[in-house]
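So this one's input_34.txt, compact mmCIF, C-alpha atoms:
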# COMPACT_ATOMS: atom_id res chain seq x y z
CA MET A 1 21.66 -11.89 -7.82
CA ASN A 2 20.91 -11.42 -11.51
CA ASP A 3 20.17 -15.10 -12.02
CA VAL A 4 17.89 -15.22 -8.98
CA LEU A 5 16.08 -12.07 -10.06
CA ASP A 6 15.60 -13.43 -13.57
CA GLU A 7 14.34 -16.75 -12.20
CA LEU A 8 11.97 -15.03 -9.78
CA TYR A 9 10.64 -12.89 -12.60
CA ALA A 10 10.12 -15.96 -14.79
CA VAL A 11 8.11 -17.64 -12.03
CA ALA A 12 6.04 -14.49 -11.45
CA GLU A 13 5.37 -14.15 -15.17
CA SER A 14 4.33 -17.81 -15.43
CA ARG A 15 1.93 -17.33 -12.48
CA ARG A 16 0.50 -14.24 -14.15
CA GLN A 17 -0.20 -16.20 -17.32
CA GLU A 18 -1.18 -19.58 -15.85
CA LYS A 19 -3.18 -19.44 -12.64
CA ARG A 20 -2.15 -21.97 -10.01
CA GLU A 21 -4.44 -22.90 -7.13
CA GLY A 22 -3.12 -21.76 -3.76
CA SER A 23 -0.38 -19.56 -5.23
CA TYR A 24 0.18 -16.30 -3.35
CA THR A 25 1.60 -14.77 -6.51
CA CYS A 26 -1.56 -15.68 -8.45
CA TYR A 27 -3.63 -14.20 -5.64
CA LEU A 28 -1.77 -10.90 -6.00
CA PHE A 29 -2.32 -10.82 -9.76
CA GLU A 30 -6.00 -11.66 -9.30
CA GLN A 31 -6.41 -8.81 -6.80
CA GLY A 32 -4.83 -6.37 -9.23
CA LEU A 33 -2.42 -3.48 -9.22
CA ASP A 34 -3.83 -1.73 -6.15
CA LYS A 35 -3.22 -4.81 -3.98
CA ILE A 36 0.25 -5.33 -5.41
CA LEU A 37 1.16 -1.68 -4.78
CA LYS A 38 -0.22 -1.88 -1.24
CA LYS A 39 2.09 -4.83 -0.57
CA VAL A 40 5.07 -3.00 -2.10
CA GLY A 41 4.37 -0.09 0.23
CA GLU A 42 3.98 -2.31 3.28
CA GLU A 43 7.19 -4.17 2.55
CA ALA A 44 9.08 -0.92 1.93
CA ALA A 45 7.94 0.36 5.33
CA GLU A 46 8.90 -2.93 7.00
CA THR A 47 12.32 -2.78 5.33
CA ILE A 48 12.88 0.72 6.68
CA ILE A 49 11.88 -0.33 10.19
CA ALA A 50 14.08 -3.43 10.08
CA ALA A 51 17.07 -1.39 8.92
CA LYS A 52 16.44 1.17 11.64
CA ASN A 53 16.31 -1.63 14.24
CA GLY A 54 19.74 -2.79 13.08
CA VAL A 55 19.13 -6.55 12.97
CA LYS A 56 20.77 -7.69 9.74
CA ALA A 57 18.82 -10.94 9.39
CA ASP A 58 15.51 -9.11 9.76
CA THR A 59 16.59 -6.47 7.26
CA VAL A 60 17.66 -9.12 4.73
CA GLY A 61 14.30 -10.84 5.13
CA GLU A 62 12.39 -7.62 4.60
CA ILE A 63 14.50 -6.66 1.58
CA SER A 64 13.74 -10.09 0.13
CA ASP A 65 10.00 -9.57 0.70
CA LEU A 66 10.21 -6.12 -0.90
CA LEU A 67 12.11 -7.42 -3.94
CA PHE A 68 9.58 -10.22 -4.38
CA HIS A 69 6.67 -7.78 -4.41
CA LEU A 70 8.55 -5.42 -6.72
CA VAL A 71 9.09 -8.31 -9.15
CA VAL A 72 5.36 -9.10 -9.05
CA MET A 73 4.64 -5.43 -9.77
CA MET A 74 7.15 -5.47 -12.62
CA ALA A 75 5.53 -8.55 -14.19
CA ASN A 76 2.10 -6.98 -13.79
CA GLU A 77 3.29 -3.84 -15.56
CA GLY A 78 5.33 -5.59 -18.29
CA ILE A 79 8.65 -4.34 -16.94
CA THR A 80 11.43 -6.93 -17.19
CA PRO A 81 14.58 -7.29 -15.13
CA GLY A 82 16.42 -6.43 -18.35
CA ASP A 83 14.59 -3.10 -18.48
CA VAL A 84 15.71 -2.26 -14.95
CA LYS A 85 19.26 -3.51 -15.53
CA ALA A 86 19.54 -1.38 -18.67
CA GLU A 87 18.38 1.72 -16.79
CA LEU A 88 20.81 1.05 -13.95
CA ALA A 89 23.63 0.58 -16.46
CA ARG A 90 22.67 3.82 -18.19
CA ARG A 91 22.73 5.68 -14.88
CA HIS A 92 26.02 4.09 -13.90
CA GLN A 93 27.65 5.58 -16.98
CA LYS A 94 26.67 9.12 -16.04
CA GLU A 95 29.18 11.41 -14.40
CA GLY A 96 28.20 14.13 -11.97
CA ASN A 97 24.95 12.42 -11.01
CA LEU A 98 24.46 14.45 -7.82
CA LYS A 99 20.94 15.83 -7.77
CA THR A 100 20.33 19.44 -6.90
CA PHE A 101 18.56 19.64 -3.56
CA HIS A 102 15.40 21.66 -3.18
CA LYS A 103 16.12 24.78 -1.12
CA VAL A 104 13.52 23.87 1.52
CA ASP A 105 14.58 20.25 2.17
CA LYS A 106 18.32 19.74 2.00
CA ASN A 107 18.20 16.49 4.03
CA SER A 108 16.41 14.33 1.47
In structure tokens, what does this structure look like?
Amino acid sequence: MNDVLDELYAVAESRRQEKREGSYTCYLFEQGLDKILKKVGEEAAETIIAAKNGVKADTVGEISDLLFHLVVMMANEGITPGDVKAELARRHQKEGNLKTFHKVDKNS
């Protein structure tokens, strides 16, 4: 997936820098961060619903939509896949990474 993520990011970054007529990615960048974040939120909700419905193909499709919109957000904010990979690697090295639950909500 790393190669695909890097390629997707490269395309998003190129669309951010060089506007292309009819490009959905360019449209998102033109609309700005609020629109991009709205789409991230919508796709996150759709991913949750798809997973809850238990149809793998639908869930995979929604995860793909969510990842696409996250990549657009990353490019908009100057966050690279390398930044995210480095943070994930850093977290992977930690031991005892269980978070302390808040006393009121132990189910989160």
Which polymer residues have any atom within 10 Å of an atom of Ile63 (chain A), counting all atoms listed in the file, with same-chain residues fewer than 4 positions away left out, as a VMD selection string?
chain A and resid 43 to 44 46 to 48 50 to 51 57 to 59 67 to 69
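Computed from the coordinates, the CA of Arg15 (chain A) to CA of Ile79 (chain A) distance equals 15.3 Å.
Between Val40 (chain A) and the residues A:Ala10, A:Val60, A:Val71, A:Val55, the shortest atom-to-atom distance, using only C-alpha atoms, involves A:Val71.
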Considering all atoms listed in the file, state which residue in the set A:Glu18, A:Lys52, A:Leu66, A:Lys85 is at the smallest distance from Ile36 (chain A).
A:Leu66
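The two atoms in question, CA of Val11 (chain A) and CA of Asp34 (chain A), are spaced 20.7 Å apart.
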Within 10 Å of region 22-33 of chain A: each region 55-92 of chain A residue with its shortest pair, all atoms listed in the file, as a Markdown table:
| residue | atom | partner | partner_atom | distance |
| --- | --- | --- | --- | --- |
| A:Phe68 | CA | A:Thr25 | CA | 9.4 |
| A:His69 | CA | A:Thr25 | CA | 8.9 |
| A:Val72 | CA | A:Thr25 | CA | 7.3 |
| A:Met73 | CA | A:Leu33 | CA | 7.3 |
| A:Ala75 | CA | A:Phe29 | CA | 9.3 |
| A:Asn76 | CA | A:Phe29 | CA | 7.1 |
| A:Glu77 | CA | A:Leu33 | CA | 8.5 |
Any chance you could export the current selection's C-alpha atoms as a compact mmCIF listing (two decimals), in the frame of the given file?
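Below is the file that was written, result_6.txt:
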# COMPACT_ATOMS: atom_id res chain seq x y z
CA PHE A 68 9.58 -10.22 -4.38
CA HIS A 69 6.67 -7.78 -4.41
CA VAL A 72 5.36 -9.10 -9.05
CA MET A 73 4.64 -5.43 -9.77
CA ALA A 75 5.53 -8.55 -14.19
CA ASN A 76 2.10 -6.98 -13.79
CA GLU A 77 3.29 -3.84 -15.56
Could you tell me how far CA of Thr80 (chain A) sits from CA of Ala45 (chain A), in Å to one decimal place?
23.9 Å
I'd like to know which of A:Glu87, A:Asp65, A:Glu95, A:Asp6 is closest to Lys39 (chain A), using only C-alpha atoms.
A:Asp65
